[in-house]
Amino acid sequence: MRTVSSESIEQAVYNLAKNACLRLTPSCTQALNKAAAAEEKGSAAAFALDTVLQNARTAAAETMAVCQDTGYAVILAKIGQNVHIDGALFSEAVNNGVRKAYEDFCFRKSICDPITRVNTADNTPAAIHTEIVGGDKISLTFLPKGFGSENMSKIFMLTPAKGVNGIIESIVETVRLAGSKPCPPVYVGVGIGGTFDTCAFLAKKALTRDIGSANPRKDVAEIERIALEKINALNIGAQGFGGKITALGVSCELAPTHIAGLPVAVNIQCHCVRCEKVTL
Amino acid sequence: MKKIQLPLSDFDIENLKAGESVLLSGHILTGRDCAHKRICEFLDREEPLPFSLKGETIYYAGPCPAPAGKACGSCGPTTSARMDSFAPRLLALGLKGMIGKGERDESVCSSIVQNHAVYFAAIGGAGALYGNAIIKSELVAFPDLLSEAVYRFEVKDFPCIVAIDCHGGNVYKK
């Protein structure tokens with residue numbers, strides 16, 4: 001049994017939140033550069049992509065949030081079952097880290113009561129997903145999730161007869177309906193299988209993968225490839241101004257499902273892909 | 001790039017064409033979901049608004065708090081479509097400009113033409129650049145809404161694309 005203090009978890013979350021809100025992931029910057037090069041010089045899409053890349057450089061240089069929507073703090077934690085957490089509750093440690101980072105670095109507090117809309121004023125609670133795994137380590141992934149894109153996400157309870165074509169149609173149709181609203185070019189996280197709830201989680205988990213990383217299963221990688229090609233034929237383009245690049249990538253995560261169903265969840269992420277990871 | 005001084009003049013509005021890039025300077029108001037709902041509740045109760053919308057340009061945004069030495073933190077646009085159900089009422093009160101991101105519904109598009117107004121698209125996800133283009137910020141109304149409160153910003157060379165012009169030109173209709 002290895003002991004990890006709640007203070008070290010809090011500090012780790014603080015650092016993750018800070019870095020995540022201040023910078024794009026390397027794979028996102030790379031994909032945006034590629035997209036900017038692909039668009040016609042002088043087009044509105046090229047202007048939008050150049051602006052976004054310039055913005056990322058300014059944010060890093062001046063310690064400013066890349067995007068004012070510093071998001072819902074989503075934490076995916078893998079906790080080794082040979083770890084003993086000493087001190088405060090795990091969730092309390094995570095929320096403390098979020099609270100302090102959002103205050104110290106002038107990030108926006110965006111969490112409110114769903115009915116009264118009264119803001120919690122410290123960006124907590126975080127959305128915490130824990131998974132118990134083997135070993136004696138804790139690995140934490142922090143994804144500040146903006147809601148302009150979250151709002152455009154969908155879940156489909158397809159029939160098994162719909163098959164692979166149905167999965168691809170659901171992904172492409174979600175991006176088509178979202179149009180200019182979620183800050184394209186988007187990153188598309190897809191959950192396939194599981195139950196209604198686990199499918200949605202798989203879609204979120206897919207967004208923590210590097211853009212351009214293919215699913216190790218060949219048939220799934222093929223779904224990712226075809227869906228991306230069809231999305232980029234939609235001519236939505238950066239900010240909806242038209243263009244060749246409507247999505248930076250499509251990532252699919254799978255789980256076995258019931259014989260009667262084929263759940264497909266499509267979680268849309270804007271072009272500001274921010275995601276940080278650490279292992280304690 | 002074409003430079004536009006705010007408040008918008010009828011002449012400027014008349015000559016803005018969908019797709020062109022502009023740099024805005026002058027005063028704008030912020031307002032997003034909750035502020036729009038409140039404004040319309042004032043109108044429903046037939047009470048005067050705490051601020052005038054006549055001739056104004058409204059920016060759909062909720063800023064990050066200002067770091068030391070800056071007037072404002074990161075402050076890019078939010079998705080305009082969520083304000084579509086409110087916007088025609090505000091345009092009828094004399095609102096002339098809207099700044100946000102993404103397409104608008106038919107009611108807003110026709111209301112822009114009817115009221116001789118304009119909709120600008122700012123670049124979503126460029127919060128740090130827009131924050132730096134804000135040189136002054138003051139709270140105008142609804143402080144309890146925190147980042148969703150109504151602020152008056154003075155902006156300098158605030159880059160936008162004319163998204164829907166007063167002649168019905170629309171950058172999102174391809």
# chains A, B, ... in the order shown; residues from 1 in each chain; ligands from 1
>>> interface_residues(of="chain B", to="chain A", cutoff="6 Å", atoms="only C-alpha atoms", output="list of chain:residue names")
B:Pro63, B:Cys64, B:Pro65, B:Ser74, B:Cys75, B:Thr79, B:Gly102, B:Gly124, B:Gly125, B:Ala126, B:Gly127, B:Ala128, B:Leu129
>>> write_last_selection(atoms="C-alpha atoms", output="PDB file, in the first residue's frame")
ATOM      1  CA  PRO B  63     -15.090  37.907 -19.515  1.00  0.00           C
ATOM      2  CA  CYS B  64     -12.499  36.284 -17.300  1.00  0.00           C
ATOM      3  CA  PRO B  65     -11.635  38.529 -14.337  1.00  0.00           C
ATOM      4  CA  SER B  74      -9.722  36.870 -21.719  1.00  0.00           C
ATOM      5  CA  CYS B  75     -12.936  37.842 -23.438  1.00  0.00           C
ATOM      6  CA  THR B  79     -22.461  31.478 -29.242  1.00  0.00           C
ATOM      7  CA  GLY B 102     -22.015  31.691 -35.223  1.00  0.00           C
ATOM      8  CA  GLY B 124     -14.369  32.370 -31.086  1.00  0.00           C
ATOM      9  CA  GLY B 125     -11.515  31.020 -29.032  1.00  0.00           C
ATOM     10  CA  ALA B 126      -9.390  34.159 -29.377  1.00  0.00           C
ATOM     11  CA  GLY B 127     -10.140  35.332 -25.835  1.00  0.00           C
ATOM     12  CA  ALA B 128      -6.676  36.648 -24.989  1.00  0.00           C
ATOM     13  CA  LEU B 129      -6.466  38.833 -28.118  1.00  0.00           C
TER      14      LEU B 129
END
>>> select_by_dssp(residues="stretch 91-226 of chain A", states="alpha helix (DSSP H)", output="PyMOL selection string")
chain A and resi 91-104+147-150+163-178+196-206+218-226
>>> write_last_selection(atoms="C-alpha atoms", output="mmCIF file, in the first residue's frame")
data_model
loop_
_atom_site.group_PDB
_atom_site.id
_atom_site.type_symbol
_atom_site.label_atom_id
_atom_site.label_comp_id
_atom_site.auth_asym_id
_atom_site.auth_seq_id
_atom_site.Cartn_x
_atom_site.Cartn_y
_atom_site.Cartn_z
ATOM 1 C CA SER A 91 -13.307 14.961 -4.309
ATOM 2 C CA GLU A 92 -12.581 17.692 -1.780
ATOM 3 C CA ALA A 93 -8.898 17.738 -2.779
ATOM 4 C CA VAL A 94 -9.835 18.001 -6.457
ATOM 5 C CA ASN A 95 -12.370 20.779 -5.860
ATOM 6 C CA ASN A 96 -9.882 22.713 -3.707
ATOM 7 C CA GLY A 97 -7.304 22.553 -6.497
ATOM 8 C CA VAL A 98 -9.868 23.791 -9.035
ATOM 9 C CA ARG A 99 -11.129 26.570 -6.747
ATOM 10 C CA LYS A 100 -7.618 27.934 -6.064
ATOM 11 C CA ALA A 101 -6.382 27.766 -9.654
ATOM 12 C CA TYR A 102 -9.482 29.505 -11.050
ATOM 13 C CA GLU A 103 -9.108 32.276 -8.481
ATOM 14 C CA ASP A 104 -5.314 32.712 -8.720
ATOM 15 C CA PHE A 147 -20.048 24.736 -23.267
ATOM 16 C CA GLY A 148 -20.573 26.351 -26.661
ATOM 17 C CA SER A 149 -19.383 23.029 -28.008
ATOM 18 C CA GLU A 150 -20.788 20.856 -25.196
ATOM 19 C CA GLY A 163 -24.473 -0.720 -37.998
ATOM 20 C CA VAL A 164 -21.324 1.107 -39.037
ATOM 21 C CA ASN A 165 -23.129 3.339 -41.547
ATOM 22 C CA GLY A 166 -25.529 4.451 -38.822
ATOM 23 C CA ILE A 167 -22.623 5.293 -36.522
ATOM 24 C CA ILE A 168 -20.910 7.388 -39.208
ATOM 25 C CA GLU A 169 -24.176 9.147 -40.150
ATOM 26 C CA SER A 170 -24.826 10.038 -36.494
ATOM 27 C CA ILE A 171 -21.360 11.584 -36.129
ATOM 28 C CA VAL A 172 -21.540 13.590 -39.354
ATOM 29 C CA GLU A 173 -25.131 14.732 -38.747
ATOM 30 C CA THR A 174 -24.227 16.018 -35.267
ATOM 31 C CA VAL A 175 -21.425 18.164 -36.702
ATOM 32 C CA ARG A 176 -23.646 19.347 -39.584
ATOM 33 C CA LEU A 177 -26.422 20.453 -37.218
ATOM 34 C CA ALA A 178 -23.907 22.208 -34.939
ATOM 35 C CA PHE A 196 -26.835 5.354 -22.258
ATOM 36 C CA ASP A 197 -24.596 6.769 -19.519
ATOM 37 C CA THR A 198 -21.316 4.921 -20.136
ATOM 38 C CA CYS A 199 -21.557 5.733 -23.855
ATOM 39 C CA ALA A 200 -21.603 9.471 -23.092
ATOM 40 C CA PHE A 201 -18.594 9.044 -20.819
ATOM 41 C CA LEU A 202 -16.684 7.189 -23.556
ATOM 42 C CA ALA A 203 -17.266 10.171 -25.856
ATOM 43 C CA LYS A 204 -15.762 12.493 -23.258
ATOM 44 C CA LYS A 205 -12.844 10.114 -22.699
ATOM 45 C CA ALA A 206 -12.187 10.067 -26.461
ATOM 46 C CA LYS A 218 -8.505 -1.207 -37.374
ATOM 47 C CA ASP A 219 -12.277 -1.247 -37.959
ATOM 48 C CA VAL A 220 -12.756 1.579 -35.443
ATOM 49 C CA ALA A 221 -9.875 3.602 -36.912
ATOM 50 C CA GLU A 222 -11.654 3.235 -40.248
ATOM 51 C CA ILE A 223 -14.841 4.746 -38.767
ATOM 52 C CA GLU A 224 -12.752 7.658 -37.465
ATOM 53 C CA ARG A 225 -11.155 8.173 -40.880
ATOM 54 C CA ILE A 226 -14.388 8.023 -42.903
#
>>> select_by_dssp(residues="stretch 99-254 of chain A", states="strand (DSSP E)", output="ChimeraX atom specification")
/A:127-133,138-145,154-158,186-194,247-254
>>> closest_residue(among="B:Phe51, B:Phe120, B:Phe86, B:Tyr59", to="B:Phe142", atoms="only C-alpha atoms")
B:Phe51
>>> residues_around(residues="B:Pro143", least_positions_apart="4", cutoff="12 Å", atoms="only C-alpha atoms", output="PDB file with C-alpha atoms, in the first residue's frame")
ATOM      1  CA  VAL A 118     -27.029  31.372  -9.383  1.00  0.00           C
ATOM      2  CA  ASN A 119     -23.265  30.999  -9.890  1.00  0.00           C
TER       3      ASN A 119
ATOM      4  CA  GLY B  31     -24.689  40.916 -22.333  1.00  0.00           C
ATOM      5  CA  CYS B  34     -28.954  35.859 -18.090  1.00  0.00           C
ATOM      6  CA  ALA B  35     -28.651  39.589 -18.907  1.00  0.00           C
ATOM      7  CA  GLU B 138     -16.981  49.366 -16.119  1.00  0.00           C
ATOM      8  CA  LEU B 139     -19.916  47.572 -14.583  1.00  0.00           C
ATOM      9  CA  SER B 147     -19.176  37.385 -15.540  1.00  0.00           C
ATOM     10  CA  GLU B 148     -22.674  37.512 -17.053  1.00  0.00           C
ATOM     11  CA  ALA B 149     -23.296  41.083 -15.797  1.00  0.00           C
ATOM     12  CA  VAL B 150     -23.608  44.010 -18.211  1.00  0.00           C
ATOM     13  CA  TYR B 151     -20.288  45.845 -18.642  1.00  0.00           C
TER      14      TYR B 151
END
>>> residues_around(residues="A:Ile9", least_positions_apart="6", cutoff="12 Å", atoms="only C-alpha atoms", output="list in words")
Thr3, Asn15, Leu16, Ile75, Ala77, Ile79, Ile85, Asp86, Gly87, Ala88, Leu89, Phe90, Ser91, Glu92, Ala93, Val94, Asn95, Asn96, Gly97, Val98, Lys137, Ile138, Ser139, Leu140, Thr141, Val278, Thr279 and Leu280 of chain A
